[in-house]
>>> print(open('data.cif').read())   # mmCIF, C-alpha atoms
data_entry
loop_
_atom_site.label_atom_id
_atom_site.label_comp_id
_atom_site.auth_asym_id
_atom_site.auth_seq_id
_atom_site.Cartn_x
_atom_site.Cartn_y
_atom_site.Cartn_z
CA MET N 1 13.00 -11.86 -12.92
CA VAL N 2 12.28 -9.87 -16.07
CA GLY N 3 15.91 -8.76 -16.25
CA ALA N 4 17.09 -12.36 -15.81
CA LEU N 5 14.74 -13.62 -18.53
CA VAL N 6 15.84 -10.91 -20.95
CA ALA N 7 19.52 -11.58 -20.22
CA LEU N 8 18.98 -15.34 -20.68
CA ALA N 9 17.14 -14.81 -23.96
CA LEU N 10 19.82 -12.48 -25.32
CA SER N 11 22.58 -14.85 -24.18
CA LEU N 12 20.94 -17.77 -26.00
CA VAL N 13 20.50 -15.67 -29.14
CA VAL N 14 24.12 -14.53 -29.11
CA HIS N 15 25.40 -18.04 -28.35
CA ASN N 16 23.37 -19.60 -31.15
CA ALA N 17 24.34 -16.83 -33.58
CA ALA N 18 28.03 -17.30 -32.75
CA ARG N 19 27.77 -21.09 -33.08
CA VAL N 20 25.93 -20.87 -36.38
CA SER N 21 28.47 -18.37 -37.71
CA MET N 22 31.36 -20.60 -36.64
CA LEU N 23 29.81 -23.66 -38.24
CA ASP N 24 29.01 -21.74 -41.43
CA ASN N 25 32.63 -20.65 -41.68
CA ALA N 26 33.76 -24.24 -41.13
CA ARG N 27 31.37 -25.47 -43.82
CA ASP N 28 32.59 -22.82 -46.26
CA LEU N 29 36.19 -23.82 -45.59
CA ALA N 30 35.38 -27.52 -46.03
CA ASP N 31 33.51 -26.74 -49.25
CA GLN N 32 36.49 -24.83 -50.65
CA ARG N 33 38.89 -27.63 -49.73
CA ILE N 34 36.72 -30.32 -51.31
CA GLN N 35 36.50 -28.30 -54.53
CA VAL N 36 40.28 -27.88 -54.68
CA ALA N 37 40.72 -31.61 -53.98
CA GLN N 38 38.19 -32.46 -56.72
CA ARG N 39 39.98 -30.38 -59.36
CA ILE N 40 43.36 -31.82 -58.46
CA TYR N 41 42.04 -35.39 -58.34
CA GLU N 42 40.16 -35.18 -61.63
CA SER N 43 43.13 -33.54 -63.38
CA GLY N 44 45.19 -36.61 -62.57
CA ARG N 45 47.95 -34.60 -60.89
CA GLN N 46 47.46 -36.34 -57.56
CA GLN N 47 46.37 -39.95 -57.33
CA ASN N 48 46.48 -40.14 -53.55
CA PRO N 49 43.52 -38.08 -52.32
CA GLY N 50 44.33 -38.81 -48.67
CA ALA N 51 47.10 -36.22 -48.85
CA PHE N 52 44.40 -33.51 -48.74
CA GLY N 53 42.50 -35.21 -45.93
CA VAL N 54 39.85 -36.47 -48.32
CA GLU N 55 38.62 -39.97 -48.99
CA VAL N 56 37.03 -41.68 -51.97
CA ASP N 57 33.88 -43.67 -51.25
CA ASP N 58 34.30 -43.32 -47.49
CA ALA N 59 32.05 -45.89 -45.80
CA ALA N 60 31.43 -43.55 -42.84
CA ILE N 61 29.87 -40.79 -44.91
CA PRO N 62 26.44 -39.85 -43.46
CA LYS N 63 23.43 -41.17 -45.36
CA ASP N 64 21.78 -37.76 -45.69
CA LEU N 65 24.93 -36.33 -47.26
CA LEU N 66 25.31 -39.34 -49.54
CA ALA N 67 21.72 -38.91 -50.72
CA LYS N 68 22.47 -35.35 -51.82
CA VAL N 69 25.67 -36.38 -53.60
CA THR N 70 23.88 -39.14 -55.54
CA GLU N 71 21.70 -36.37 -56.96
CA ASP N 72 24.91 -35.03 -58.56
CA ARG N 73 25.16 -32.17 -56.05
CA ARG N 74 28.03 -30.90 -53.95
CA ALA N 75 27.00 -30.66 -50.28
CA THR N 76 28.16 -30.16 -46.73
CA TYR N 77 26.81 -31.73 -43.58
CA ILE N 78 27.15 -31.15 -39.83
CA ALA N 79 27.10 -34.06 -37.40
CA GLU N 80 28.06 -34.49 -33.75
CA ASP N 81 30.36 -37.10 -32.25
CA SER N 82 29.74 -38.98 -29.01
CA GLN N 83 31.02 -36.02 -26.97
CA GLY N 84 28.72 -33.54 -28.67
CA ILE N 85 31.52 -31.84 -30.66
CA PRO N 86 30.41 -30.81 -34.17
CA GLU N 87 31.90 -32.60 -37.17
CA ILE N 88 31.99 -31.08 -40.65
CA TRP N 89 31.48 -33.27 -43.74
CA ALA N 90 31.82 -32.14 -47.32
CA ALA N 91 31.27 -34.35 -50.38
CA VAL N 92 31.24 -34.00 -54.16
CA PRO N 93 30.51 -36.54 -56.95
CA LEU N 94 33.39 -37.42 -59.27
CA LYS N 95 33.21 -37.96 -63.05
CA ASP N 96 33.87 -41.66 -62.64
CA GLY N 97 30.79 -42.02 -60.39
CA ARG N 98 32.61 -42.24 -57.14
CA VAL N 99 32.23 -39.84 -54.17
CA LEU N 100 34.98 -37.66 -52.84
CA SER N 101 34.44 -36.65 -49.19
CA LEU N 102 36.16 -34.56 -46.51
CA HIS N 103 35.71 -35.13 -42.77
CA THR N 104 36.98 -32.58 -40.23
CA ARG N 105 36.22 -31.66 -36.65
CA ILE N 106 35.80 -28.25 -35.07
CA THR N 107 39.19 -27.15 -33.83
CA ASP N 108 39.97 -26.80 -30.16
CA ARG N 109 40.58 -23.11 -30.78
CA SER N 110 37.03 -22.64 -32.06
CA THR N 111 35.64 -24.58 -29.13
CA ASP N 112 37.67 -22.44 -26.71
CA VAL N 113 36.41 -19.27 -28.38
CA LEU N 114 32.81 -20.48 -27.96
CA LYS N 115 33.46 -21.34 -24.31
CA ASP N 116 35.00 -17.92 -23.69
CA LEU N 117 31.97 -16.33 -25.32
CA ASP N 118 29.62 -18.33 -23.10
CA GLN N 119 31.59 -17.32 -20.02
CA ALA N 120 31.46 -13.67 -21.02
CA LEU N 121 27.71 -13.95 -21.62
CA VAL N 122 27.16 -15.50 -18.19
CA ILE N 123 29.22 -12.83 -16.44
CA GLY N 124 27.57 -10.07 -18.45
CA SER N 125 24.08 -11.45 -17.76
CA ILE N 126 24.74 -11.63 -14.02
CA ALA N 127 26.09 -8.08 -14.07
CA VAL N 128 23.08 -6.85 -16.03
CA VAL N 129 20.61 -8.63 -13.70
CA PHE N 130 22.20 -7.29 -10.51
CA GLY N 131 22.63 -3.84 -12.02
CA GLY N 132 19.01 -3.83 -13.17
CA CYS N 133 17.83 -5.04 -9.77
CA ALA N 134 19.83 -2.33 -7.99
CA LEU N 135 18.44 0.34 -10.31
CA GLY N 136 14.91 -1.05 -9.92
CA VAL N 137 15.21 -1.10 -6.13
CA LEU N 138 16.55 2.46 -6.18
CA ILE N 139 13.75 3.81 -8.38
CA GLY N 140 11.04 1.69 -6.77
CA GLY N 141 12.28 2.53 -3.28
CA GLN N 142 12.17 6.24 -4.03
CA MET N 143 8.59 5.99 -5.28
CA SER N 144 7.66 3.69 -2.40
CA ARG N 145 9.02 6.20 0.14
CA ARG N 146 7.02 8.99 -1.47
CA LEU N 147 3.89 6.83 -1.42
CA ARG N 148 4.41 5.93 2.24
CA LYS N 149 4.83 9.61 3.10
CA ALA N 150 1.69 10.40 1.12
CA ALA N 151 -0.25 7.67 2.94
CA ALA N 152 0.95 8.90 6.34
CA ALA N 153 -0.06 12.47 5.50
CA ALA N 154 -3.46 11.30 4.19
CA ASN N 155 -4.03 9.42 7.47
CA GLN N 156 -3.25 12.60 9.40
CA VAL N 157 -5.79 14.47 7.30
CA ALA N 158 -8.33 11.71 7.96
CA LYS N 159 -7.73 12.11 11.71
CA GLY N 160 -8.69 15.78 11.49
CA GLU N 161 -5.31 17.51 11.13
CA THR N 162 -6.55 19.98 8.54
CA ASP N 163 -3.25 21.89 8.24
CA VAL N 164 -1.42 18.83 6.83
CA ARG N 165 -0.87 18.75 3.06
CA VAL N 166 0.15 15.56 1.28
CA ARG N 167 2.20 17.35 -1.38
CA ASP N 168 4.28 19.11 1.28
CA ALA N 169 4.79 15.81 3.09
CA ILE N 170 6.25 13.96 0.08
CA GLY N 171 8.60 16.87 -0.71
CA GLY N 172 10.70 17.35 -3.80
CA VAL N 173 9.83 18.78 -7.18
CA VAL N 174 9.42 15.51 -9.07
CA ARG N 175 6.31 15.52 -11.26
CA ASP N 176 5.22 11.90 -11.23
CA GLU N 177 2.09 9.92 -10.44
CA THR N 178 2.70 10.34 -6.70
CA ASP N 179 2.75 14.10 -7.10
CA ASP N 180 -0.50 13.97 -9.09
CA LEU N 181 -2.07 11.82 -6.39
CA ALA N 182 -0.92 14.24 -3.68
CA ARG N 183 -2.41 17.20 -5.56
CA ALA N 184 -5.73 15.36 -5.94
CA VAL N 185 -5.86 14.38 -2.25
CA ASP N 186 -5.00 17.93 -1.16
CA ALA N 187 -7.69 19.36 -3.43
CA MET N 188 -10.22 16.87 -2.10
CA ALA N 189 -9.24 17.64 1.52
CA ASP N 190 -9.57 21.39 0.90
CA ALA N 191 -12.99 20.97 -0.70
CA LEU N 192 -14.22 18.74 2.13
CA GLN N 193 -12.82 21.10 4.75
CA GLN N 194 -14.59 24.07 3.18
CA ARG N 195 -17.85 22.15 3.05
CA ILE N 196 -17.53 20.96 6.67
CA GLN N 197 -16.71 24.47 7.86
CA ALA N 198 -19.73 25.84 5.98
CA GLU N 199 -21.98 23.23 7.60
CA ARG N 200 -20.53 23.99 11.03
CA ARG N 201 -21.13 27.70 10.54
CA VAL N 202 -24.72 27.01 9.55
CA THR N 203 -25.25 24.81 12.60
CA ALA N 204 -23.67 27.35 14.94
CA ASP N 205 -25.63 30.23 13.42
CA ILE N 206 -28.92 28.37 13.69
CA ALA N 207 -28.24 27.39 17.32
CA HIS N 208 -27.17 30.94 18.16
CA GLU N 209 -30.24 32.47 16.56
CA LEU N 210 -32.45 30.00 18.41
CA ARG N 211 -30.94 30.84 21.76
CA THR N 212 -32.75 34.20 22.16
CA PRO N 213 -36.29 33.05 21.28
CA VAL N 214 -35.87 29.88 23.34
CA THR N 215 -34.76 31.94 26.34
CA GLY N 216 -37.79 34.18 25.86
CA LEU N 217 -40.03 31.13 25.56
CA LEU N 218 -38.65 29.70 28.80
CA THR N 219 -39.14 33.04 30.59
CA ALA N 220 -42.72 33.27 29.31
CA ALA N 221 -43.38 29.69 30.43
CA GLU N 222 -42.40 30.63 33.98
CA LEU N 223 -45.23 33.21 33.98
CA LEU N 224 -47.91 30.63 33.21
CA PRO N 225 -50.34 29.79 36.03
CA PRO N 226 -49.57 26.63 38.02
CA GLY N 227 -50.90 23.41 36.61
CA ARG N 228 -50.01 20.31 34.63
CA PRO N 229 -50.15 22.02 31.21
CA SER N 230 -47.77 24.73 32.44
CA GLU N 231 -45.35 22.10 33.77
CA LEU N 232 -45.34 20.36 30.37
CA VAL N 233 -44.65 23.64 28.55
CA ARG N 234 -41.82 24.55 30.96
CA ASP N 235 -40.35 21.04 30.67
CA ARG N 236 -40.32 21.13 26.86
CA ALA N 237 -38.96 24.68 26.80
CA GLN N 238 -36.13 23.66 29.17
CA ALA N 239 -35.40 20.61 26.99
CA MET N 240 -35.22 22.86 23.92
CA ARG N 241 -32.87 25.24 25.72
CA THR N 242 -30.62 22.35 26.74
CA LEU N 243 -30.59 21.10 23.14
CA VAL N 244 -29.64 24.52 21.79
CA GLU N 245 -26.81 24.85 24.32
CA ASP N 246 -25.54 21.37 23.47
CA VAL N 247 -25.61 22.10 19.73
CA LEU N 248 -23.66 25.33 20.31
CA GLU N 249 -21.09 23.41 22.38
CA VAL N 250 -20.72 20.76 19.67
CA ALA N 251 -20.24 23.51 17.06
CA ARG N 252 -17.50 25.13 19.17
CA LEU N 253 -15.76 21.79 19.68
CA ASP N 254 -15.96 20.99 15.95
CA GLY N 255 -14.40 24.34 15.14
CA ALA N 256 -11.20 23.28 16.99
CA SER N 257 -11.07 26.75 18.59
CA GLU N 258 -11.46 25.54 22.17
CA ARG N 259 -8.40 25.69 24.43
CA ALA N 260 -7.96 23.97 27.77
CA GLU N 261 -7.21 26.01 30.90
CA LEU N 262 -4.80 23.66 32.63
CA GLN N 263 -4.39 23.18 36.37
CA ASP N 264 -2.69 20.59 38.54
CA ILE N 265 -5.23 18.47 40.43
CA VAL N 266 -5.26 15.22 42.44
CA LEU N 267 -7.47 13.11 40.20
CA GLY N 268 -9.03 10.71 42.72
CA GLU N 269 -9.93 13.45 45.20
CA PHE N 270 -11.34 15.66 42.41
CA VAL N 271 -13.55 12.89 41.02
CA SER N 272 -14.78 11.85 44.50
CA ARG N 273 -15.86 15.40 45.40
CA ARG N 274 -17.56 16.09 42.05
CA VAL N 275 -19.44 12.78 41.95
CA ALA N 276 -20.56 13.12 45.58
CA ALA N 277 -21.91 16.60 44.84
CA LYS N 278 -23.87 15.28 41.86
CA ASP N 279 -25.22 12.02 43.27
CA ALA N 280 -24.23 10.62 46.66
CA GLU N 281 -25.53 7.15 45.73
CA ILE N 282 -22.84 6.64 43.04
CA GLU N 283 -19.96 4.55 44.36
CA VAL N 284 -16.45 5.99 43.82
CA ARG N 285 -13.38 3.81 44.33
CA VAL N 286 -9.84 5.19 44.11
CA VAL N 287 -7.35 2.40 43.43
CA HIS N 288 -4.37 4.73 43.58
CA GLU N 289 -4.00 8.48 43.34
CA SER N 290 -2.33 10.41 40.57
CA GLU N 291 -1.62 14.11 40.10
CA VAL N 292 -2.54 15.29 36.61
CA THR N 293 -2.51 18.54 34.66
CA THR N 294 -5.88 19.12 33.04
CA ASP N 295 -8.83 21.49 32.71
CA PRO N 296 -11.09 20.76 35.72
CA ARG N 297 -14.18 22.31 34.12
CA ARG N 298 -13.90 20.25 30.96
CA LEU N 299 -13.01 17.09 32.90
CA GLU N 300 -16.12 17.61 35.02
CA ARG N 301 -18.19 18.05 31.85
CA VAL N 302 -16.94 14.74 30.46
CA LEU N 303 -17.49 12.95 33.76
CA PHE N 304 -21.02 14.29 34.23
CA ASN N 305 -21.97 13.41 30.66
CA LEU N 306 -20.83 9.84 31.22
CA LEU N 307 -22.75 9.64 34.49
CA ALA N 308 -25.89 11.08 32.84
CA ASN N 309 -25.51 8.56 30.01
CA ALA N 310 -25.22 5.72 32.55
CA ALA N 311 -28.30 6.94 34.42
CA LYS N 312 -30.45 7.34 31.28
CA HIS N 313 -29.44 4.29 29.29
CA GLY N 314 -27.98 1.94 31.92
CA ARG N 315 -29.09 0.54 35.24
CA ALA N 316 -28.00 1.01 38.85
CA PRO N 317 -25.65 0.61 40.56
CA ILE N 318 -23.32 3.10 38.85
CA GLN N 319 -19.66 2.77 39.82
CA VAL N 320 -16.73 5.14 39.21
CA THR N 321 -13.17 3.83 39.52
CA VAL N 322 -10.02 5.99 39.49
CA GLU N 323 -6.80 4.11 38.81
CA GLY N 324 -3.84 6.37 38.22
CA ARG N 325 -4.72 8.52 35.20
CA VAL N 326 -7.67 6.32 34.16
CA ILE N 327 -11.31 7.01 35.13
CA ARG N 328 -13.86 4.25 34.53
CA VAL N 329 -17.63 4.77 34.67
CA ARG N 330 -19.63 1.55 34.81
CA ASP N 331 -23.34 0.84 35.01
CA HIS N 332 -25.09 -2.51 35.07
CA GLY N 333 -27.38 -2.12 32.08
CA ARG N 334 -27.32 -4.16 28.89
CA GLY N 335 -24.34 -2.26 27.49
CA PHE N 336 -23.73 -0.11 24.44
CA PRO N 337 -25.18 -1.22 21.08
CA GLU N 338 -22.74 -2.83 18.66
CA GLU N 339 -22.94 -0.01 16.08
CA LEU N 340 -21.95 2.57 18.71
CA LEU N 341 -19.01 0.45 19.84
CA ALA N 342 -17.91 0.04 16.22
CA ASP N 343 -18.38 3.61 14.94
CA GLY N 344 -18.17 5.71 18.10
CA PRO N 345 -20.66 8.34 19.27
CA ARG N 346 -22.62 10.16 16.57
CA ARG N 347 -24.75 13.21 17.13
CA PHE N 348 -28.53 12.70 17.35
CA ARG N 349 -27.98 8.93 17.58
CA THR N 350 -28.82 7.43 20.97
CA GLY N 351 -28.58 3.78 20.03
CA SER N 352 -32.18 3.30 21.12
CA SER N 353 -35.19 2.88 18.86
CA ASP N 354 -37.34 4.54 21.51
CA ARG N 355 -36.55 8.27 21.54
CA ALA N 356 -39.06 9.17 24.24
CA GLY N 357 -37.12 10.57 27.18
CA GLN N 358 -33.84 9.19 25.85
CA GLY N 359 -32.05 12.49 25.06
CA HIS N 360 -30.67 13.69 21.75
CA GLY N 361 -27.49 11.65 21.40
CA LEU N 362 -25.20 14.64 22.01
CA GLY N 363 -23.86 13.67 25.44
CA LEU N 364 -21.20 11.24 24.27
CA THR N 365 -20.39 13.48 21.29
CA ILE N 366 -19.69 16.37 23.67
CA ALA N 367 -17.72 14.08 26.00
CA ALA N 368 -15.55 12.87 23.10
CA GLY N 369 -15.00 16.46 21.89
CA GLN N 370 -14.04 17.73 25.35
CA ALA N 371 -11.70 14.75 25.77
CA ARG N 372 -9.93 15.75 22.52
CA VAL N 373 -9.45 19.27 23.88
CA LEU N 374 -7.90 17.78 27.04
CA GLY N 375 -5.65 15.49 25.04
CA ALA N 376 -7.41 12.50 26.61
CA ARG N 377 -8.88 9.41 25.03
CA LEU N 378 -12.50 8.33 25.51
CA THR N 379 -13.37 4.66 25.01
#
>>> encode(input="data.cif", output="C-alpha cells")
Amino acid sequence: MVGALVALALSLVVHNAARVSMLDNARDLADQRIQVAQRIYESGRQQNPGAFGVEVDDAAIPKDLLAKVTEDRRATYIAEDSQGIPEIWAAVPLKDGRVLSLHTRITDRSTDVLKDLDQALVIGSIAVVFGGCALGVLIGGQMSRRLRKAAAAANQVAKGETDVRVRDAIGGVVRDETDDLARAVDAMADALQQRIQAERRVTADIAHELRTPVTGLLTAAELLPPGRPSELVRDRAQAMRTLVEDVLEVARLDGASERAELQDIVLGEFVSRRVAAKDAEIEVRVVHESEVTTDPRRLERVLFNLLANAAKHGRAPIQVTVEGRVIRVRDHGRGFPEELLADGPRRFRTGSSDRAGQGHGLGLTIAAGQARVLGARLT
C-alpha cells in the first residue's frame, strides 16, 4: 500500500509537471505569435489580421483575459473546451484601442505525448509496486522465518530442553534484531539454568546430609520403650525419612540424569499383579491387553503414587482401568482442585488447606518426573 501510494503521488506530480510545462510552452508560443502579429498589424503592412490566425475584437475572448487587456497589458489565458482539451488565448491592446487576440488549441501531437506519458507512468507504477511488494515479501519472509525458528527454539527451552540454543536454531551470520533477540534469550536461558542447577544442588545436598541423622534418629526411636509417646516419635521419624527420600528422588529427577531400564511387559497383567499385591480391594479392569517396552520399577512407582494419592485425597472405591497403552486411576472423591488441574503438580502443594495427615505434595511431582523418564504422559 505504501509503495502504491508513493507511485501514485509521483505519477501525479510528473503528470502535472509535464502538463504545466506543455501549457507554458504553448503560452510562450502564443505570446510570441501575438507580438509578431501586433507589430505587423500596427505597421500597416498587413490589414488582414486573420492571415496570422488572430482576430480583432473577438467576441469570444474570455472575460478574465479581456479584463487584463483593458489594463493595457499583454496577457495569455488557458481555458478548456467541452471535451476538456486545453485552449490557449493570447491578447494584446492595439494603439487604436482595439484588442488583438489569438485562439489556438493544444495539438493532437501534444495530447498524444501526454497520453503516452500517462501510460508509461501507469506501467512504471505497477512495475514499481509489484517489484516493491516482491522485495518486501522476500525481506519480510526471511525475517519472519528467522523469528519463527527463534520462537520454536524458545518453546523448546521453555519445555526443559536445556541444550537448545536460539541463535544456533536461526542460523546464518546476519546481525539483525532477530540475532540480538536470540543472544538475549540464550543468555537468559543460561542464567536461569545455572540458577536452577544451583538450587537443585542445594536441595540435593541438604536432603543427602539429612539422610544420615534421620536414619540415626529412626534407629534410636526403635530403642525407646513401648508406649504411645514412643509410637508418636517413631511415626514422625519415619515420616521425616520418607520426606528426605522423596526430596532426594525429586532432585535426581530434576537433574535429568535418570535413565530408564527398559523391558518388554504385558501391561494389563503387570498392573493387575502389582495392584493386587498392594491392595486387594482396588478393582482392576483390563479392557484389552497391550505389550509395551518400559521400566517396570518406575512404572510401579508412578502407579503406586497415584493409588496413594487416591487413597489420601479421594474416596473409595478406587478403580484402575487398563486400555491398550493407557492406565487410568479413578477414585470417587470430590476431584482435583482447579489450580492443580490448571498448573499441574507442584512440590509441597497438596491442594488442601488442611495439611494434617495430607502428605507433602511430592507424590504427583515424583509421578510426573518418573513419567517423563519413561517417555509417558501423566494427566
>>> residues_around(input="data.cif", residues="Val69 of chain N", least_positions_apart="6", cutoff="9 Å", atoms="only C-alpha atoms", output="compact mmCIF listing (two decimals) with C-alpha atoms, keeping the file's coordinate frame")
# COMPACT_ATOMS: atom_id res chain seq x y z
CA ALA N 75 27.00 -30.66 -50.28
CA ALA N 91 31.27 -34.35 -50.38
CA VAL N 92 31.24 -34.00 -54.16
CA PRO N 93 30.51 -36.54 -56.95
CA VAL N 99 32.23 -39.84 -54.17
>>> closest_residue(input="data.cif", among="N:Val2, N:Arg201, N:Lys149, N:Thr76", to="Val128 of chain N", atoms="all atoms listed in the file")
N:Val2
>>> residues_around(input="data.cif", residues="Ala182 of chain N", least_positions_apart="4", cutoff="7 Å", atoms="all atoms listed in the file", output="MDAnalysis selection string")
chainID N and resid 150 166:167 178 186
>>> write_last_selection(input="data.cif", atoms="C-alpha atoms", output="PDB file, keeping the file's coordinate frame")
ATOM      1  CA  ALA N 150       1.690  10.400   1.120  1.00  0.00           C
ATOM      2  CA  VAL N 166       0.150  15.560   1.280  1.00  0.00           C
ATOM      3  CA  ARG N 167       2.200  17.350  -1.380  1.00  0.00           C
ATOM      4  CA  THR N 178       2.700  10.340  -6.700  1.00  0.00           C
ATOM      5  CA  ASP N 186      -5.000  17.930  -1.160  1.00  0.00           C
TER       6      ASP N 186
END
>>> atom_distance(input="data.cif", atom1="atom CA of Ile265 of chain N", atom2="atom CA of Val286 of chain N")
14.5 Å
>>> resolve_selection(input="data.cif", expression="the PyMOL selection byres ((chain N and resi 159-165) around 9)", output="list in words")
Ala150, Ala153, Ala154, Asn155, Gln156, Val157, Ala158, Val166, Arg167, Asp168, Ala169, Ala182, Arg183, Val185, Asp186, Ala189, Asp190 and Gln193 of chain N
>>> axis_aligned_box(input="data.cif", around="segment 284-288 of chain N", padding_each_side="8 Å", output="AutoDock Vina command-line options")
--center_x -10.4 --center_y 4.2 --center_z 43.9 --size_x 28.1 --size_y 19.6 --size_z 16.9
>>> closest_residue(input="data.cif", among="N:Leu121, N:Arg211, N:Leu135, N:Leu223", to="Leu243 of chain N", atoms="all atoms listed in the file")
N:Arg211
>>> atom_distance(input="data.cif", atom1="atom CA of Gln194 of chain N", atom2="atom CA of Leu181 of chain N")
20.0 Å
>>> atom_distance(input="data.cif", atom1="atom CA of Glu261 of chain N", atom2="atom CA of Thr294 of chain N")
7.3 Å
>>> residues_around(input="data.cif", residues="Arg234 of chain N", least_positions_apart="4", cutoff="8 Å", atoms="all atoms listed in the file", output="JSON, numbers by chain")
{"N": [218, 221, 222, 230, 238]}
>>> residues_around(input="data.cif", residues="Leu378 of chain N", least_positions_apart="6", cutoff="8 Å", atoms="all atoms listed in the file", output="list in words")
Ala367, Ala368 and Ala371 of chain N
>>> write_last_selection(input="data.cif", atoms="C-alpha atoms", output="PDB file, in the frame of the given file")
ATOM      1  CA  ALA N 367     -17.720  14.080  26.000  1.00  0.00           C
ATOM      2  CA  ALA N 368     -15.550  12.870  23.100  1.00  0.00           C
ATOM      3  CA  ALA N 371     -11.700  14.750  25.770  1.00  0.00           C
TER       4      ALA N 371
END
>>> decode(input="data.cif", residues="segment 299-315 of chain N", atoms="N, CA, C and O atoms", output="compact mmCIF listing (two decimals), in the first residue's frame")
# COMPACT_ATOMS: atom_id res chain seq x y z
N LEU N 299 7.48 -47.59 36.41
CA LEU N 299 6.04 -47.64 36.17
C LEU N 299 5.30 -47.99 37.46
O LEU N 299 4.24 -47.41 37.77
N GLU N 300 5.85 -48.91 38.23
CA GLU N 300 5.24 -49.26 39.51
C GLU N 300 5.25 -48.06 40.46
O GLU N 300 4.28 -47.84 41.19
N ARG N 301 6.34 -47.30 40.45
CA ARG N 301 6.43 -46.10 41.30
C ARG N 301 5.33 -45.10 40.94
O ARG N 301 4.66 -44.55 41.82
N VAL N 302 5.14 -44.87 39.66
CA VAL N 302 4.08 -43.95 39.23
C VAL N 302 2.71 -44.46 39.65
O VAL N 302 1.88 -43.73 40.20
N LEU N 303 2.47 -45.74 39.39
CA LEU N 303 1.17 -46.33 39.70
C LEU N 303 0.88 -46.27 41.20
O LEU N 303 -0.22 -45.88 41.61
N PHE N 304 1.86 -46.62 42.03
CA PHE N 304 1.65 -46.61 43.47
C PHE N 304 1.45 -45.19 43.99
O PHE N 304 0.68 -44.97 44.93
N ASN N 305 2.14 -44.22 43.42
CA ASN N 305 1.94 -42.84 43.84
C ASN N 305 0.52 -42.37 43.52
O ASN N 305 -0.11 -41.66 44.32
N LEU N 306 0.02 -42.78 42.37
CA LEU N 306 -1.36 -42.39 42.01
C LEU N 306 -2.36 -43.07 42.94
O LEU N 306 -3.36 -42.45 43.34
N LEU N 307 -2.11 -44.33 43.25
CA LEU N 307 -3.02 -45.03 44.17
C LEU N 307 -2.97 -44.43 45.57
O LEU N 307 -4.00 -44.29 46.24
N ALA N 308 -1.75 -44.07 46.04
CA ALA N 308 -1.64 -43.44 47.36
C ALA N 308 -2.34 -42.09 47.37
O ALA N 308 -2.99 -41.71 48.35
N ASN N 309 -2.22 -41.35 46.27
CA ASN N 309 -2.89 -40.05 46.16
C ASN N 309 -4.41 -40.24 46.22
O ASN N 309 -5.12 -39.47 46.89
N ALA N 310 -4.91 -41.27 45.52
CA ALA N 310 -6.35 -41.53 45.53
C ALA N 310 -6.84 -41.92 46.92
O ALA N 310 -7.92 -41.53 47.37
N ALA N 311 -6.01 -42.72 47.63
CA ALA N 311 -6.41 -43.15 48.97
C ALA N 311 -6.40 -42.00 49.97
O ALA N 311 -7.27 -41.92 50.84
N LYS N 312 -5.41 -41.10 49.86
CA LYS N 312 -5.29 -39.99 50.82
C LYS N 312 -6.31 -38.90 50.56
O LYS N 312 -6.93 -38.37 51.47
N HIS N 313 -6.45 -38.52 49.30
CA HIS N 313 -7.23 -37.32 48.98
C HIS N 313 -8.60 -37.64 48.37
O HIS N 313 -9.42 -36.75 48.24
N GLY N 314 -8.80 -38.89 47.94
CA GLY N 314 -10.07 -39.24 47.32
C GLY N 314 -10.96 -40.04 48.24
O GLY N 314 -10.90 -39.90 49.47
N ARG N 315 -11.78 -40.88 47.64
CA ARG N 315 -12.72 -41.68 48.43
C ARG N 315 -12.95 -43.00 47.68
O ARG N 315 -12.94 -43.03 46.44
